[in-house]
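Everything on this sheet refers to the single structure shown next.
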Amino acid sequence: MAGHGAEEHPHGADRLCEAGDRVYSRAVRRGRVPRGDAEPVPCLLELALLHPDPDDMDWLVPTSPQEVMTRLLRGMYDEVSASQRRVGSAVAAVEWYAGLGRRVRPAPSAGEGSAIRVLDGLARIQAAMDEATQACTTEVLTVQPGGIRREAELSEGLHRALALRGRGVRMRDLYTHVARHGQGLLTYLELMGDAVEARTLDEVIDRLILFDRTVAFIPANTDRTMALELRHPALIEYLVTVFERLWRLAIPLTAPLPDTGIEGISHREQSIAALLAEGHQDAVIAERLGISVRTCRAHIARLSETLGAASRTQLGVRIAQVGLDGPSRAAASTPLSVPGPESRTAR
């Protein structure tokens, strides 16, 4: 019991625990108690209700109840005095800020709220998105990173998308090429009809949602439990420019991906090869292309086999030799040959 600390007795002298009450009352009645009786209630020593008997250190004598009462009343008086001082300071501060408010004209802002607002928590993010959806009248631009969109992600914003479609708002969405393989996205686009136009890229920027080119939402942390609401005209113009340039580079979802022009190498493997040539690790490549690390490594293994590379270093050389370290080739490009069995055995 001697190891018990004060955290097990979170109280002051004005509200003793039941065990402390018993030991202190006994000490007052008898004049002292053995030190062992106080071991289960260290609060009595820490609150100075018991202290060692100078004549015999194995015994503890109580502080008189009159002294304890005086101490309590003095503490209460000090607390009340401090509270009165804080109230006085708060009143003075309120009057000062109120005076500033009367003298300063509010700065103009684009729309309601400040130019940059931090939204902490999913509830606040959803509320702000719903508000922006209700105010939107013409256009929504979105960038949706990651791979195949989960049903939960698509259904989360479906009510907003349907409300926008009902008001004739046009929507343009950017996804990664991997998203083409998700049935949920195809179902969503079929449901939305011509209200939504979708295009894909090898990789896109982080999530972005723009309403009427006046308000934008971007993530503020990695798990997307915080977001920034942006209304500053310069920031909005910059984000619109980024979106439009990506949009021009993207491929309509209804169009097939271009052939790589290299026999045996898919479009995705070409994208992986280009990122490998830049020196990126598997996990980074997987995140940027919206695929799992396991899938990424399977593609790298097929690349190595197709190009006849026995190591990562050799794979990098072969990627450069066949031109996979540059931009995607057009579909009409002349197919390039890859090393045959004889060149692999000649290594």
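Following the order of the structure tokens, first chain is A, next is B, and so on, with residues numbered from 1 inside each chain and ligands from 1 in the order they appear.
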Can you list, as a PyMOL selection string, all residues belonging to stretch 51-257 of chain A that DSSP tags as alpha helix (DSSP H)?
-> chain A and resi 65-103+122-135+151-156+158-166+183-192+233-249
Spatial neighbours of A:Pro233, max dist 9 Å, only C-alpha atoms, sep filter under 6 positions, as a PyMOL selection string | chain A and resi 110+115+213-215
Restricted to N, CA, C and O atoms, what would the selected residues look like written as a compact mmCIF listing (two decimals), in the first residue's frame?
# COMPACT_ATOMS: atom_id res chain seq x y z
N ALA A 110 -14.08 37.97 -50.19
CA ALA A 110 -14.82 37.33 -51.27
C ALA A 110 -15.75 36.29 -50.67
O ALA A 110 -15.34 35.23 -50.26
N ALA A 115 -10.59 34.61 -45.98
CA ALA A 115 -10.01 34.10 -47.23
C ALA A 115 -9.49 32.68 -47.08
O ALA A 115 -9.52 31.91 -48.03
N ARG A 213 -15.52 28.64 -59.15
CA ARG A 213 -14.27 29.40 -59.21
C ARG A 213 -14.22 30.52 -58.17
O ARG A 213 -13.58 31.55 -58.37
N THR A 214 -14.89 30.28 -57.05
CA THR A 214 -14.88 31.28 -55.96
C THR A 214 -14.47 30.67 -54.63
O THR A 214 -13.94 31.38 -53.77
N VAL A 215 -14.68 29.37 -54.42
CA VAL A 215 -14.31 28.73 -53.16
C VAL A 215 -13.74 27.35 -53.48
O VAL A 215 -14.26 26.64 -54.36
Residue contacts of A:Asp202 (8 Å, only C-alpha atoms) excluding same-chain residues fewer than 6 positions away, as a VMD selection string = chain A and resid 176 to 178 268 271 289
A straight line from atom CA of A:Val196 to atom CA of A:Arg170 spans 6.3 Å
Length of the atom CA of A:Gly323 to atom CA of A:Arg248 vector [Å] =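 Going from atom CA of A:Gly323 over to atom CA of A:Arg248 covers 23.7 Å.
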Please report, as a PyMOL selection string, each residue of stretch 19-232 of chain A to which DSSP assigns strand (DSSP E or B) when run on this structure's backbone.
-> chain A and resi 33-34+50-53+56-62+116-120+139-144+170-176+196-201+208-211+215-219+226-230
Taking into account only C-alpha atoms, which residue in the set A:Leu119, A:Val317, A:Met69, A:Ile272 is nearest to A:Ile285?
-> A:Ile272
Skipping near chain neighbours, those fewer than 2 positions away, what residues fall within 12 Å of A:Asp120 using only C-alpha atoms, listed as a list in words?
-> Arg117, Val118, Leu122, Ala123, Arg124, Ile125, Gln126, Ala127, Ala128, Pro219, Ala220, Asn221, Asp223, Arg224, Thr225, Met226, Ala227, Leu228 and Glu229 of chain A
Write out as an MDAnalysis selection string the residues lying within 6 Å of A:Ile209, counting only C-alpha atoms and excluding same-chain residues fewer than 4 positions away.
-> chainID A and resid 141:142 216:217
Selection to disk with N, CA and C atoms, as a short mmCIF file (atom, residue, chain, number, x, y, z; two decimals), in the first residue's frame:
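Everything below was put into selection_31.cif:
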data_model
loop_
_atom_site.label_atom_id
_atom_site.label_comp_id
_atom_site.auth_asym_id
_atom_site.auth_seq_id
_atom_site.Cartn_x
_atom_site.Cartn_y
_atom_site.Cartn_z
N LEU A 141 -15.29 21.81 -60.24
CA LEU A 141 -14.10 21.15 -60.74
C LEU A 141 -13.50 20.33 -59.60
N THR A 142 -13.18 19.07 -59.84
CA THR A 142 -12.61 18.24 -58.77
C THR A 142 -11.42 17.45 -59.29
N ALA A 216 -12.65 26.99 -52.78
CA ALA A 216 -11.99 25.71 -53.01
C ALA A 216 -11.75 25.01 -51.68
N PHE A 217 -11.70 23.68 -51.73
CA PHE A 217 -11.40 22.87 -50.56
C PHE A 217 -10.23 21.96 -50.89
#
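Taking atom CA of A:Thr313 as the reference point, atom CA of A:Glu269 is found at 17.0 Å.
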Find, counting only C-alpha atoms, the residue in A:Asp212, A:Glu190, A:Asp206, A:Asp55 that gets nearest to A:Leu174.
-> A:Asp206
Find the residues near A:Thr137: any atom within 12 Å, counting only C-alpha atoms, skip ones fewer than 3 places away on the same chain, and give them as a PyMOL selection string.
-> chain A and resi 132-134+140+163-171+211-214
Go ahead and dump the residues you just picked, all heavy atoms, as a tab-separated table (two decimals), in the first residue's frame.
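Final output, again-v2.tsv:
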chain	number	residue	atom	x	y	z
A	132	ALA	N	-21.31	25.18	-49.58
A	132	ALA	CA	-20.80	25.57	-50.89
A	132	ALA	C	-21.62	24.96	-52.02
A	132	ALA	O	-21.84	25.59	-53.06
A	132	ALA	CB	-19.33	25.16	-51.02
A	133	THR	N	-22.09	23.73	-51.81
A	133	THR	CA	-22.93	23.08	-52.82
A	133	THR	C	-24.23	23.85	-53.02
A	133	THR	O	-24.68	24.07	-54.16
A	133	THR	CB	-23.24	21.63	-52.40
A	133	THR	OG1	-22.01	20.90	-52.28
A	133	THR	CG2	-24.13	20.94	-53.41
A	134	GLN	N	-24.84	24.26	-51.93
A	134	GLN	CA	-26.11	24.99	-52.04
A	134	GLN	C	-25.93	26.34	-52.74
A	134	GLN	O	-26.83	26.80	-53.44
A	134	GLN	CB	-26.68	25.20	-50.64
A	134	GLN	CG	-27.13	23.91	-49.96
A	134	GLN	CD	-27.47	24.11	-48.49
A	134	GLN	OE1	-27.50	25.23	-48.00
A	134	GLN	NE2	-27.70	23.00	-47.78
A	140	VAL	N	-18.48	22.92	-61.07
A	140	VAL	CA	-17.66	22.29	-60.03
A	140	VAL	C	-16.51	21.57	-60.71
A	140	VAL	O	-16.72	20.81	-61.66
A	140	VAL	CB	-18.47	21.29	-59.18
A	140	VAL	CG1	-17.56	20.61	-58.16
A	140	VAL	CG2	-19.61	21.97	-58.46
A	163	ALA	N	-27.81	17.08	-56.20
A	163	ALA	CA	-28.38	18.41	-56.02
A	163	ALA	C	-27.83	19.38	-57.05
A	163	ALA	O	-28.56	20.22	-57.60
A	163	ALA	CB	-28.08	18.92	-54.60
A	164	LEU	N	-26.54	19.27	-57.35
A	164	LEU	CA	-25.93	20.13	-58.36
A	164	LEU	C	-26.49	19.84	-59.74
A	164	LEU	O	-26.80	20.76	-60.52
A	164	LEU	CB	-24.41	19.94	-58.35
A	164	LEU	CG	-23.68	20.45	-57.09
A	164	LEU	CD1	-22.27	19.88	-57.04
A	164	LEU	CD2	-23.64	21.97	-57.10
A	165	ARG	N	-26.61	18.56	-60.07
A	165	ARG	CA	-27.17	18.20	-61.38
A	165	ARG	C	-28.59	18.73	-61.53
A	165	ARG	O	-28.97	19.21	-62.61
A	165	ARG	CB	-27.17	16.67	-61.54
A	165	ARG	CG	-27.59	16.21	-62.93
A	165	ARG	CD	-27.79	14.72	-63.00
A	165	ARG	NE	-28.97	14.31	-62.23
A	165	ARG	CZ	-29.49	13.08	-62.24
A	165	ARG	NH1	-28.90	12.14	-62.97
A	165	ARG	NH2	-30.54	12.80	-61.52
A	166	GLY	N	-29.36	18.68	-60.45
A	166	GLY	CA	-30.73	19.17	-60.51
A	166	GLY	C	-30.83	20.66	-60.81
A	166	GLY	O	-31.85	21.13	-61.33
A	167	ARG	N	-29.76	21.42	-60.50
A	167	ARG	CA	-29.75	22.86	-60.78
A	167	ARG	C	-29.02	23.19	-62.07
A	167	ARG	O	-28.78	24.36	-62.37
A	167	ARG	CB	-29.12	23.62	-59.61
A	167	ARG	CG	-29.87	23.48	-58.30
A	167	ARG	CD	-29.50	24.61	-57.34
A	167	ARG	NE	-28.08	24.65	-57.04
A	167	ARG	CZ	-27.47	23.94	-56.09
A	167	ARG	NH1	-28.20	23.11	-55.35
A	167	ARG	NH2	-26.18	24.03	-55.87
A	168	GLY	N	-28.64	22.17	-62.82
A	168	GLY	CA	-27.97	22.42	-64.09
A	168	GLY	C	-26.50	22.75	-63.98
A	168	GLY	O	-25.91	23.28	-64.92
A	169	VAL	N	-25.88	22.45	-62.85
A	169	VAL	CA	-24.46	22.73	-62.66
A	169	VAL	C	-23.64	21.69	-63.41
A	169	VAL	O	-23.92	20.49	-63.36
A	169	VAL	CB	-24.10	22.71	-61.16
A	169	VAL	CG1	-22.59	22.88	-60.97
A	169	VAL	CG2	-24.85	23.81	-60.42
A	170	ARG	N	-22.61	22.15	-64.14
A	170	ARG	CA	-21.72	21.26	-64.87
A	170	ARG	C	-20.56	20.85	-63.97
A	170	ARG	O	-20.04	21.66	-63.20
A	170	ARG	CB	-21.17	21.96	-66.12
A	170	ARG	CG	-22.25	22.49	-67.04
A	170	ARG	CD	-22.99	21.38	-67.75
A	170	ARG	NE	-22.10	20.60	-68.58
A	170	ARG	CZ	-22.48	19.52	-69.27
A	170	ARG	NH1	-23.75	19.10	-69.19
A	170	ARG	NH2	-21.63	18.86	-70.03
A	171	MET	N	-20.11	19.61	-64.08
A	171	MET	CA	-19.03	19.09	-63.25
A	171	MET	C	-17.96	18.44	-64.13
A	171	MET	O	-18.29	17.72	-65.07
A	171	MET	CB	-19.57	18.07	-62.24
A	171	MET	CG	-20.41	18.68	-61.13
A	171	MET	SD	-21.38	17.46	-60.22
A	171	MET	CE	-22.89	17.45	-61.18
A	211	PHE	N	-15.74	25.24	-56.37
A	211	PHE	CA	-17.12	25.61	-56.66
A	211	PHE	C	-17.16	27.00	-57.30
A	211	PHE	O	-16.70	27.99	-56.71
A	211	PHE	CB	-17.96	25.63	-55.37
A	211	PHE	CG	-18.17	24.28	-54.75
A	211	PHE	CD1	-17.28	23.80	-53.79
A	211	PHE	CD2	-19.23	23.48	-55.11
A	211	PHE	CE1	-17.48	22.56	-53.19
A	211	PHE	CE2	-19.43	22.24	-54.53
A	211	PHE	CZ	-18.55	21.78	-53.58
A	212	ASP	N	-17.71	27.06	-58.50
A	212	ASP	CA	-17.95	28.35	-59.19
A	212	ASP	C	-16.70	29.23	-59.26
A	212	ASP	O	-16.81	30.46	-59.38
A	212	ASP	CB	-19.08	29.13	-58.50
A	212	ASP	CG	-20.45	28.60	-58.88
A	212	ASP	OD1	-20.55	27.88	-59.89
A	212	ASP	OD2	-21.42	28.91	-58.17
A	213	ARG	N	-15.52	28.64	-59.15
A	213	ARG	CA	-14.27	29.40	-59.21
A	213	ARG	C	-14.22	30.52	-58.17
A	213	ARG	O	-13.58	31.55	-58.37
A	213	ARG	CB	-14.02	29.95	-60.62
A	213	ARG	CG	-14.07	28.87	-61.69
A	213	ARG	CD	-13.56	29.33	-63.02
A	213	ARG	NE	-13.64	28.20	-63.96
A	213	ARG	CZ	-12.86	28.04	-65.03
A	213	ARG	NH1	-11.93	28.95	-65.29
A	213	ARG	NH2	-13.01	27.01	-65.83
A	214	THR	N	-14.89	30.28	-57.05
A	214	THR	CA	-14.88	31.28	-55.96
A	214	THR	C	-14.47	30.67	-54.63
A	214	THR	O	-13.94	31.38	-53.77
A	214	THR	CB	-16.27	31.91	-55.79
A	214	THR	OG1	-17.24	30.88	-55.53
A	214	THR	CG2	-16.68	32.68	-57.03
Neighbours of A:His51 within 12 Å (only C-alpha atoms; same-chain residues fewer than 4 positions away dropped), as a PyMOL selection string?
-> chain A and resi 24+27+31-35+38+42-47+55-64
Would you export the selected residues with C-alpha atoms as a tab-separated table (two decimals), in the first residue's frame, please?
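Dumped to out.tsv:
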chain	number	residue	atom	x	y	z
A	24	TYR	CA	-7.78	11.66	10.59
A	27	ALA	CA	-5.92	10.75	15.15
A	31	GLY	CA	-4.01	12.50	19.73
A	32	ARG	CA	-1.86	10.41	17.40
A	33	VAL	CA	-1.89	7.27	15.21
A	34	PRO	CA	0.82	4.78	14.18
A	35	ARG	CA	2.57	5.73	10.92
A	38	ALA	CA	-1.57	6.40	7.23
A	42	PRO	CA	-0.93	9.35	1.68
A	43	CYS	CA	-3.25	12.29	1.07
A	44	LEU	CA	-3.27	13.05	4.83
A	45	LEU	CA	0.48	13.69	4.85
A	46	GLU	CA	0.46	15.54	1.50
A	47	LEU	CA	-2.34	17.81	2.73
A	55	ASP	CA	9.10	12.66	20.03
A	56	ASP	CA	8.56	9.38	18.19
A	57	MET	CA	8.87	9.25	14.39
A	58	ASP	CA	6.88	6.02	14.23
A	59	TRP	CA	3.74	7.99	15.17
A	60	LEU	CA	1.80	10.76	13.42
A	61	VAL	CA	-0.03	13.61	15.15
A	62	PRO	CA	-2.96	15.52	13.60
A	63	THR	CA	-3.11	19.18	12.67
A	64	SER	CA	-5.85	20.75	14.79
Produce a table with one row for each residue of stretch 254-280 of chain A that has an atom at most 12 Å from any atom of stretch 179-183 of chain A, each row naming the nearest atom pair and its distance in Å at one decimal; use only C-alpha atoms; arrange rows by chain and rising residue number; format as a tab-separated table.
residue	atom	partner	partner_atom	distance
A:Thr254	CA	A:Arg180	CA	9.4
A:Ala255	CA	A:Arg180	CA	10.6
A:Pro256	CA	A:Arg180	CA	10.0
A:Leu257	CA	A:Arg180	CA	10.1
Write a file of the selected residues as an mmCIF file, in the first residue's frame, keeping N, CA, C and O atoms.
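That gives us result35.cif:
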data_model
loop_
_atom_site.group_PDB
_atom_site.id
_atom_site.type_symbol
_atom_site.label_atom_id
_atom_site.label_comp_id
_atom_site.auth_asym_id
_atom_site.auth_seq_id
_atom_site.Cartn_x
_atom_site.Cartn_y
_atom_site.Cartn_z
ATOM 1 N N THR A 254 -14.058 7.963 -71.584
ATOM 2 C CA THR A 254 -14.683 7.147 -72.634
ATOM 3 C C THR A 254 -13.687 6.733 -73.704
ATOM 4 O O THR A 254 -14.008 5.884 -74.550
ATOM 5 N N ALA A 255 -12.482 7.330 -73.715
ATOM 6 C CA ALA A 255 -11.475 6.996 -74.724
ATOM 7 C C ALA A 255 -10.486 5.992 -74.163
ATOM 8 O O ALA A 255 -10.161 6.024 -72.975
ATOM 9 N N PRO A 256 -9.989 5.086 -75.000
ATOM 10 C CA PRO A 256 -9.004 4.113 -74.507
ATOM 11 C C PRO A 256 -7.666 4.787 -74.241
ATOM 12 O O PRO A 256 -7.343 5.828 -74.817
ATOM 13 N N LEU A 257 -6.884 4.179 -73.366
ATOM 14 C CA LEU A 257 -5.536 4.681 -73.124
ATOM 15 C C LEU A 257 -4.658 4.399 -74.325
ATOM 16 O O LEU A 257 -4.802 3.365 -74.989
#
From the list A:Ser81, A:Gly20, A:Pro258, A:Ala273, which residue is nearest A:Arg302 when using only C-alpha atoms?
-> A:Ala273
